[in-house]
$ cat upload_1.cif   # mmCIF, N, CA and C atoms
data_model
#
loop_
_atom_site.group_PDB
_atom_site.id
_atom_site.type_symbol
_atom_site.label_atom_id
_atom_site.label_comp_id
_atom_site.auth_asym_id
_atom_site.auth_seq_id
_atom_site.Cartn_x
_atom_site.Cartn_y
_atom_site.Cartn_z
ATOM 1 N N MET A 151 2.595 5.973 -4.088
ATOM 2 C CA MET A 151 1.686 4.864 -4.191
ATOM 3 C C MET A 151 0.483 5.054 -3.254
ATOM 4 N N VAL A 152 0.730 5.712 -2.130
ATOM 5 C CA VAL A 152 -0.394 6.002 -1.238
ATOM 6 C C VAL A 152 -1.372 6.930 -1.947
ATOM 7 N N GLY A 153 -0.843 7.865 -2.728
ATOM 8 C CA GLY A 153 -1.697 8.772 -3.499
ATOM 9 C C GLY A 153 -2.552 8.024 -4.506
ATOM 10 N N VAL A 154 -1.993 6.995 -5.111
ATOM 11 C CA VAL A 154 -2.769 6.174 -6.045
ATOM 12 C C VAL A 154 -3.927 5.502 -5.313
ATOM 13 N N CYS A 155 -3.650 4.979 -4.131
ATOM 14 C CA CYS A 155 -4.712 4.331 -3.342
ATOM 15 C C CYS A 155 -5.790 5.332 -2.940
ATOM 16 N N LEU A 156 -5.371 6.511 -2.506
ATOM 17 C CA LEU A 156 -6.340 7.525 -2.096
ATOM 18 C C LEU A 156 -7.171 8.018 -3.274
ATOM 19 N N THR A 157 -6.552 8.144 -4.436
ATOM 20 C CA THR A 157 -7.299 8.529 -5.634
ATOM 21 C C THR A 157 -8.335 7.467 -5.984
ATOM 22 N N GLY A 158 -7.926 6.217 -5.899
ATOM 23 C CA GLY A 158 -8.870 5.126 -6.173
ATOM 24 C C GLY A 158 -10.031 5.123 -5.195
ATOM 25 N N ILE A 159 -9.748 5.344 -3.922
ATOM 26 C CA ILE A 159 -10.815 5.400 -2.923
ATOM 27 C C ILE A 159 -11.760 6.557 -3.233
ATOM 28 N N GLY A 160 -11.188 7.718 -3.573
ATOM 29 C CA GLY A 160 -12.020 8.873 -3.902
ATOM 30 C C GLY A 160 -12.911 8.625 -5.101
ATOM 31 N N LEU A 161 -12.360 8.020 -6.126
ATOM 32 C CA LEU A 161 -13.159 7.721 -7.321
ATOM 33 C C LEU A 161 -14.252 6.703 -7.032
ATOM 34 N N LEU A 162 -13.937 5.733 -6.204
ATOM 35 C CA LEU A 162 -14.963 4.747 -5.837
ATOM 36 C C LEU A 162 -16.086 5.402 -5.037
ATOM 37 N N HIS A 163 -15.745 6.326 -4.173
ATOM 38 C CA HIS A 163 -16.780 6.993 -3.387
ATOM 39 C C HIS A 163 -17.624 7.939 -4.233
ATOM 40 N N VAL A 164 -17.033 8.526 -5.252
ATOM 41 C CA VAL A 164 -17.823 9.332 -6.194
ATOM 42 C C VAL A 164 -18.814 8.423 -6.921
ATOM 43 N N GLY A 165 -18.372 7.259 -7.323
ATOM 44 C CA GLY A 165 -19.266 6.304 -7.978
ATOM 45 C C GLY A 165 -20.382 5.851 -7.061
ATOM 46 N N ILE A 166 -20.065 5.657 -5.791
ATOM 47 C CA ILE A 166 -21.091 5.268 -4.822
ATOM 48 C C ILE A 166 -22.109 6.390 -4.656
ATOM 49 N N ALA A 167 -21.627 7.636 -4.619
ATOM 50 C CA ALA A 167 -22.531 8.779 -4.460
ATOM 51 C C ALA A 167 -23.480 8.904 -5.651
ATOM 52 N N TRP A 168 -23.066 8.433 -6.807
ATOM 53 C CA TRP A 168 -23.923 8.485 -7.994
ATOM 54 C C TRP A 168 -24.889 7.318 -8.049
ATOM 55 N N GLY A 169 -24.929 6.514 -7.014
ATOM 56 C CA GLY A 169 -25.924 5.453 -6.938
ATOM 57 C C GLY A 169 -25.409 4.067 -7.229
ATOM 58 N N LYS A 170 -24.137 3.930 -7.522
ATOM 59 C CA LYS A 170 -23.612 2.590 -7.747
ATOM 60 C C LYS A 170 -23.313 1.941 -6.405
ATOM 61 N N ARG A 171 -23.256 0.636 -6.381
ATOM 62 C CA ARG A 171 -23.043 -0.070 -5.124
ATOM 63 C C ARG A 171 -21.600 0.026 -4.661
ATOM 64 N N ALA A 172 -21.432 -0.073 -3.366
ATOM 65 C CA ALA A 172 -20.090 -0.039 -2.774
ATOM 66 C C ALA A 172 -19.362 -1.333 -3.116
ATOM 67 N N SER A 173 -18.076 -1.252 -3.183
ATOM 68 C CA SER A 173 -17.302 -2.447 -3.489
ATOM 69 C C SER A 173 -16.278 -2.701 -2.395
ATOM 70 N N PHE A 174 -15.731 -3.858 -2.460
ATOM 71 C CA PHE A 174 -14.691 -4.274 -1.533
ATOM 72 C C PHE A 174 -13.377 -3.577 -1.860
ATOM 73 N N ALA A 175 -13.286 -2.991 -3.053
ATOM 74 C CA ALA A 175 -12.031 -2.396 -3.517
ATOM 75 C C ALA A 175 -11.595 -1.216 -2.668
ATOM 76 N N ASP A 176 -12.526 -0.399 -2.181
ATOM 77 C CA ASP A 176 -12.103 0.747 -1.379
ATOM 78 C C ASP A 176 -11.500 0.294 -0.048
ATOM 79 N N ASP A 177 -11.993 -0.804 0.496
ATOM 80 C CA ASP A 177 -11.380 -1.360 1.706
ATOM 81 C C ASP A 177 -9.979 -1.887 1.416
ATOM 82 N N LEU A 178 -9.829 -2.576 0.284
ATOM 83 C CA LEU A 178 -8.504 -3.065 -0.111
ATOM 84 C C LEU A 178 -7.526 -1.915 -0.290
ATOM 85 N N LEU A 179 -7.966 -0.845 -0.933
ATOM 86 C CA LEU A 179 -7.082 0.296 -1.168
ATOM 87 C C LEU A 179 -6.712 1.016 0.119
ATOM 88 N N ALA A 180 -7.621 1.073 1.072
ATOM 89 C CA ALA A 180 -7.304 1.702 2.358
ATOM 90 C C ALA A 180 -6.242 0.895 3.109
ATOM 91 N N ILE A 181 -6.406 -0.416 3.134
ATOM 92 C CA ILE A 181 -5.403 -1.274 3.771
ATOM 93 C C ILE A 181 -4.084 -1.180 3.025
ATOM 94 N N ASP A 182 -4.169 -1.136 1.708
ATOM 95 C CA ASP A 182 -2.988 -1.046 0.864
ATOM 96 C C ASP A 182 -2.196 0.224 1.138
ATOM 97 N N SER A 183 -2.885 1.335 1.343
ATOM 98 C CA SER A 183 -2.169 2.584 1.616
ATOM 99 C C SER A 183 -1.406 2.496 2.939
ATOM 100 N N LEU A 184 -1.951 1.790 3.922
ATOM 101 C CA LEU A 184 -1.231 1.608 5.187
ATOM 102 C C LEU A 184 0.011 0.737 5.003
ATOM 103 N N ILE A 185 -0.094 -0.283 4.172
ATOM 104 C CA ILE A 185 1.065 -1.147 3.920
ATOM 105 C C ILE A 185 2.141 -0.374 3.165
ATOM 106 N N PHE A 186 1.744 0.465 2.202
ATOM 107 C CA PHE A 186 2.729 1.320 1.525
ATOM 108 C C PHE A 186 3.396 2.275 2.511
ATOM 109 N N LEU A 187 2.640 2.775 3.475
ATOM 110 C CA LEU A 187 3.210 3.653 4.496
ATOM 111 C C LEU A 187 4.246 2.909 5.341
ATOM 112 N N ILE A 188 3.959 1.668 5.697
ATOM 113 C CA ILE A 188 4.927 0.860 6.444
ATOM 114 C C ILE A 188 6.193 0.655 5.622
ATOM 115 N N ALA A 189 6.030 0.377 4.341
ATOM 116 C CA ALA A 189 7.189 0.195 3.460
ATOM 117 C C ALA A 189 8.024 1.462 3.388
ATOM 118 N N MET A 190 7.354 2.595 3.272
ATOM 119 C CA MET A 190 8.077 3.865 3.178
ATOM 120 C C MET A 190 8.816 4.175 4.469
ATOM 121 N N LEU A 191 8.150 3.996 5.606
ATOM 122 C CA LEU A 191 8.796 4.294 6.887
ATOM 123 C C LEU A 191 9.983 3.370 7.153
ATOM 124 N N ALA A 192 9.825 2.092 6.854
ATOM 125 C CA ALA A 192 10.938 1.157 7.058
ATOM 126 C C ALA A 192 12.109 1.493 6.145
ATOM 127 N N SER A 193 11.813 1.852 4.912
ATOM 128 C CA SER A 193 12.875 2.230 3.975
ATOM 129 C C SER A 193 13.583 3.506 4.428
ATOM 130 N N TYR A 194 12.805 4.481 4.853
ATOM 131 C CA TYR A 194 13.377 5.744 5.320
ATOM 132 C C TYR A 194 14.266 5.524 6.545
ATOM 133 N N LEU A 195 13.779 4.733 7.491
ATOM 134 C CA LEU A 195 14.573 4.470 8.690
ATOM 135 C C LEU A 195 15.838 3.683 8.371
ATOM 136 N N ALA A 196 15.766 2.777 7.406
ATOM 137 C CA ALA A 196 16.950 2.014 7.011
ATOM 138 C C ALA A 196 18.019 2.914 6.422
ATOM 139 N N VAL A 197 17.596 3.953 5.724
ATOM 140 C CA VAL A 197 18.550 4.874 5.114
ATOM 141 C C VAL A 197 19.077 5.875 6.136
ATOM 142 N N ARG A 198 18.227 6.349 7.026
ATOM 143 C CA ARG A 198 18.576 7.427 7.947
ATOM 144 C C ARG A 198 19.143 6.993 9.290
ATOM 145 N N THR A 199 18.986 5.734 9.662
ATOM 146 C CA THR A 199 19.477 5.274 10.952
ATOM 147 C C THR A 199 20.994 5.125 10.893
ATOM 148 N N PRO A 200 21.691 5.693 11.861
ATOM 149 C CA PRO A 200 23.150 5.543 11.867
ATOM 150 C C PRO A 200 23.566 4.087 12.102
ATOM 151 N N ASP A 201 24.759 3.759 11.677
ATOM 152 C CA ASP A 201 25.272 2.392 11.813
ATOM 153 C C ASP A 201 25.473 1.985 13.268
ATOM 154 N N ALA A 202 25.357 2.933 14.185
ATOM 155 C CA ALA A 202 25.552 2.621 15.606
ATOM 156 C C ALA A 202 24.528 1.599 16.100
ATOM 157 N N ARG A 203 23.359 1.548 15.475
ATOM 158 C CA ARG A 203 22.325 0.576 15.889
ATOM 159 C C ARG A 203 22.703 -0.843 15.477
ATOM 160 N N GLY A 204 23.593 -0.963 14.538
ATOM 161 C CA GLY A 204 24.036 -2.292 14.118
ATOM 162 C C GLY A 204 23.522 -2.660 12.739
ATOM 163 N N ARG A 205 24.326 -3.419 12.051
ATOM 164 C CA ARG A 205 23.983 -3.844 10.689
ATOM 165 C C ARG A 205 22.766 -4.763 10.670
ATOM 166 N N ALA A 206 22.605 -5.567 11.689
ATOM 167 C CA ALA A 206 21.456 -6.485 11.728
ATOM 168 C C ALA A 206 20.144 -5.706 11.762
ATOM 169 N N TRP A 207 20.117 -4.615 12.527
ATOM 170 C CA TRP A 207 18.918 -3.767 12.610
ATOM 171 C C TRP A 207 18.609 -3.152 11.242
ATOM 172 N N LEU A 208 19.627 -2.648 10.558
ATOM 173 C CA LEU A 208 19.422 -2.045 9.237
ATOM 174 C C LEU A 208 18.967 -3.086 8.225
ATOM 175 N N HIS A 209 19.550 -4.259 8.308
ATOM 176 C CA HIS A 209 19.153 -5.338 7.392
ATOM 177 C C HIS A 209 17.693 -5.733 7.634
ATOM 178 N N ARG A 210 17.287 -5.768 8.895
ATOM 179 C CA ARG A 210 15.890 -6.117 9.223
ATOM 180 C C ARG A 210 14.930 -5.067 8.691
ATOM 181 N N LEU A 211 15.293 -3.782 8.816
ATOM 182 C CA LEU A 211 14.451 -2.712 8.271
ATOM 183 C C LEU A 211 14.323 -2.831 6.756
ATOM 184 N N GLU A 212 15.418 -3.167 6.086
ATOM 185 C CA GLU A 212 15.374 -3.358 4.635
ATOM 186 C C GLU A 212 14.460 -4.518 4.261
ATOM 187 N N GLN A 213 14.513 -5.585 5.020
ATOM 188 C CA GLN A 213 13.640 -6.725 4.746
ATOM 189 C C GLN A 213 12.171 -6.365 4.938
ATOM 190 N N VAL A 214 11.871 -5.611 5.988
ATOM 191 C CA VAL A 214 10.487 -5.174 6.226
ATOM 192 C C VAL A 214 10.024 -4.280 5.090
ATOM 193 N N ALA A 215 10.888 -3.354 4.658
ATOM 194 C CA ALA A 215 10.535 -2.452 3.559
ATOM 195 C C ALA A 215 10.271 -3.234 2.275
ATOM 196 N N ASP A 216 11.147 -4.172 1.956
ATOM 197 C CA ASP A 216 10.982 -4.970 0.735
ATOM 198 C C ASP A 216 9.707 -5.808 0.778
ATOM 199 N N ALA A 217 9.507 -6.508 1.875
ATOM 200 C CA ALA A 217 8.351 -7.401 1.979
ATOM 201 C C ALA A 217 7.042 -6.620 1.953
ATOM 202 N N SER A 218 6.981 -5.522 2.696
ATOM 203 C CA SER A 218 5.735 -4.759 2.725
ATOM 204 C C SER A 218 5.464 -4.093 1.377
ATOM 205 N N PHE A 219 6.498 -3.658 0.662
ATOM 206 C CA PHE A 219 6.289 -3.065 -0.654
ATOM 207 C C PHE A 219 5.744 -4.107 -1.628
ATOM 208 N N ILE A 220 6.291 -5.306 -1.602
ATOM 209 C CA ILE A 220 5.816 -6.357 -2.509
ATOM 210 C C ILE A 220 4.370 -6.743 -2.174
ATOM 211 N N VAL A 221 4.063 -6.875 -0.895
ATOM 212 C CA VAL A 221 2.693 -7.208 -0.495
ATOM 213 C C VAL A 221 1.731 -6.105 -0.925
ATOM 214 N N ALA A 222 2.143 -4.849 -0.737
ATOM 215 C CA ALA A 222 1.284 -3.727 -1.118
ATOM 216 C C ALA A 222 1.058 -3.684 -2.630
ATOM 217 N N MET A 223 2.079 -3.973 -3.417
ATOM 218 C CA MET A 223 1.905 -3.990 -4.867
ATOM 219 C C MET A 223 0.967 -5.114 -5.296
ATOM 220 N N LEU A 224 1.074 -6.267 -4.661
ATOM 221 C CA LEU A 224 0.161 -7.370 -4.976
ATOM 222 C C LEU A 224 -1.272 -7.018 -4.597
ATOM 223 N N LEU A 225 -1.439 -6.372 -3.459
ATOM 224 C CA LEU A 225 -2.775 -5.965 -3.026
ATOM 225 C C LEU A 225 -3.348 -4.894 -3.949
ATOM 226 N N LEU A 226 -2.506 -3.985 -4.419
ATOM 227 C CA LEU A 226 -2.955 -2.973 -5.371
ATOM 228 C C LEU A 226 -3.408 -3.619 -6.675
ATOM 229 N N THR A 227 -2.693 -4.626 -7.109
ATOM 230 C CA THR A 227 -3.088 -5.357 -8.315
ATOM 231 C C THR A 227 -4.419 -6.071 -8.097
ATOM 232 N N ALA A 228 -4.594 -6.673 -6.936
ATOM 233 C CA ALA A 228 -5.864 -7.337 -6.625
ATOM 234 C C ALA A 228 -7.007 -6.328 -6.599
ATOM 235 N N ALA A 229 -6.773 -5.161 -6.026
ATOM 236 C CA ALA A 229 -7.806 -4.120 -5.996
ATOM 237 C C ALA A 229 -8.159 -3.668 -7.413
ATOM 238 N N CYS A 230 -7.170 -3.592 -8.277
ATOM 239 C CA CYS A 230 -7.445 -3.221 -9.679
ATOM 240 C C CYS A 230 -8.350 -4.250 -10.345
ATOM 241 N N PHE A 231 -8.108 -5.521 -10.086
ATOM 242 C CA PHE A 231 -8.972 -6.561 -10.640
ATOM 243 C C PHE A 231 -10.386 -6.460 -10.086
ATOM 244 N N VAL A 232 -10.499 -6.197 -8.784
ATOM 245 C CA VAL A 232 -11.824 -6.061 -8.167
ATOM 246 C C VAL A 232 -12.562 -4.881 -8.781
ATOM 247 N N ILE A 233 -11.868 -3.764 -8.958
ATOM 248 C CA ILE A 233 -12.501 -2.573 -9.563
ATOM 249 C C ILE A 233 -12.912 -2.864 -10.991
ATOM 250 N N THR A 234 -12.042 -3.492 -11.755
ATOM 251 C CA THR A 234 -12.331 -3.762 -13.157
ATOM 252 C C THR A 234 -13.533 -4.675 -13.319
ATOM 253 N N TYR A 235 -13.583 -5.748 -12.569
ATOM 254 C CA TYR A 235 -14.660 -6.699 -12.758
ATOM 255 C C TYR A 235 -15.927 -6.316 -12.021
ATOM 256 N N ALA A 236 -15.840 -5.440 -11.033
ATOM 257 C CA ALA A 236 -17.054 -4.935 -10.374
ATOM 258 C C ALA A 236 -17.764 -3.918 -11.258
ATOM 259 N N VAL A 237 -16.984 -3.133 -12.009
ATOM 260 C CA VAL A 237 -17.568 -2.135 -12.898
ATOM 261 C C VAL A 237 -18.241 -2.809 -14.082
ATOM 262 N N SER A 238 -17.617 -3.851 -14.618
ATOM 263 C CA SER A 238 -18.175 -4.500 -15.798
ATOM 264 C C SER A 238 -19.308 -5.459 -15.453
ATOM 265 N N ALA A 239 -19.459 -5.797 -14.180
ATOM 266 C CA ALA A 239 -20.535 -6.732 -13.789
ATOM 267 C C ALA A 239 -21.841 -6.018 -13.603
#

$ encode --input "upload_1.cif" --output "structure tokens"
Amino acid sequence: MVGVCLTGIGLLHVGIAWGKRASFADDLLAIDSLIFLIAMLASYLAVRTPDARGRAWLHRLEQVADASFIVAMLLLTAACFVITYAVSA
């Protein structure tokens, strides 16, 4: 998903280089890629952390991974709307 955000940022910057105006979408996608990174790291740590840290810690990591993934997907959808309606405007 981070790759999708980076591709979108790259395409937006190519459009800017061709003389089109900058949009808010590239900022949204940059923030979105960081949120996807948080989701990935929390998920990875939840899977790889030994049970010695405690079940509560693992459950908290899972909650962070779930919440950040959902927020990132919503932000990606919002960025898609911004890109779509900025291009057609």

$ resolve_selection --input "upload_1.cif" --expression "the PyMOL selection byres (((chain A and resi 184-192 and name CA) around 6) and name CA)" --output "ChimeraX atom specification"
/A:181-183,193-195,211,215,218-219,222

$ write_last_selection --input "upload_1.cif" --atoms "N, CA and C atoms" --output "mmCIF file, in the coordinates of the input"
data_model
loop_
_atom_site.group_PDB
_atom_site.id
_atom_site.type_symbol
_atom_site.label_atom_id
_atom_site.label_comp_id
_atom_site.auth_asym_id
_atom_site.auth_seq_id
_atom_site.Cartn_x
_atom_site.Cartn_y
_atom_site.Cartn_z
ATOM 1 N N ILE A 181 -6.406 -0.416 3.134
ATOM 2 C CA ILE A 181 -5.403 -1.274 3.771
ATOM 3 C C ILE A 181 -4.084 -1.180 3.025
ATOM 4 N N ASP A 182 -4.169 -1.136 1.708
ATOM 5 C CA ASP A 182 -2.988 -1.046 0.864
ATOM 6 C C ASP A 182 -2.196 0.224 1.138
ATOM 7 N N SER A 183 -2.885 1.335 1.343
ATOM 8 C CA SER A 183 -2.169 2.584 1.616
ATOM 9 C C SER A 183 -1.406 2.496 2.939
ATOM 10 N N SER A 193 11.813 1.852 4.912
ATOM 11 C CA SER A 193 12.875 2.230 3.975
ATOM 12 C C SER A 193 13.583 3.506 4.428
ATOM 13 N N TYR A 194 12.805 4.481 4.853
ATOM 14 C CA TYR A 194 13.377 5.744 5.320
ATOM 15 C C TYR A 194 14.266 5.524 6.545
ATOM 16 N N LEU A 195 13.779 4.733 7.491
ATOM 17 C CA LEU A 195 14.573 4.470 8.690
ATOM 18 C C LEU A 195 15.838 3.683 8.371
ATOM 19 N N LEU A 211 15.293 -3.782 8.816
ATOM 20 C CA LEU A 211 14.451 -2.712 8.271
ATOM 21 C C LEU A 211 14.323 -2.831 6.756
ATOM 22 N N ALA A 215 10.888 -3.354 4.658
ATOM 23 C CA ALA A 215 10.535 -2.452 3.559
ATOM 24 C C ALA A 215 10.271 -3.234 2.275
ATOM 25 N N SER A 218 6.981 -5.522 2.696
ATOM 26 C CA SER A 218 5.735 -4.759 2.725
ATOM 27 C C SER A 218 5.464 -4.093 1.377
ATOM 28 N N PHE A 219 6.498 -3.658 0.662
ATOM 29 C CA PHE A 219 6.289 -3.065 -0.654
ATOM 30 C C PHE A 219 5.744 -4.107 -1.628
ATOM 31 N N ALA A 222 2.143 -4.849 -0.737
ATOM 32 C CA ALA A 222 1.284 -3.727 -1.118
ATOM 33 C C ALA A 222 1.058 -3.684 -2.630
#

$ atom_distance --input "upload_1.cif" --atom1 "atom N of A:Asp201" --atom2 "atom CA of A:Val214"
17.7 Å

$ atom_distance --input "upload_1.cif" --atom1 "atom C of A:Ala228" --atom2 "atom C of A:Arg210"
26.8 Å

$ atom_distance --input "upload_1.cif" --atom1 "atom CA of A:Ala175" --atom2 "atom CA of A:Ala229"
5.2 Å

$ closest_residue --input "upload_1.cif" --among "A:Gly204, A:Thr199, A:Val221, A:Gly160" --to "A:Asp177" --atoms "only C-alpha atoms"
A:Gly160

$ residues_around --input "upload_1.cif" --residues "A:Phe174" --least-positions-apart "4" --cutoff "9 Å" --atoms "only C-alpha atoms" --output "list of chain:residue names"
A:Leu178, A:Leu179, A:Ala229, A:Val232, A:Ile233

$ select_by_dssp --input "upload_1.cif" --residues "stretch 199-234 of chain A" --states "alpha helix (DSSP H)" --output "JSON, numbers by chain"
{"A": [205, 206, 207, 208, 209, 210, 211, 212, 213, 214, 215, 216, 217, 218, 219, 220, 221, 222, 223, 224, 225, 226, 227, 228, 229, 230, 231, 232, 233, 234]}
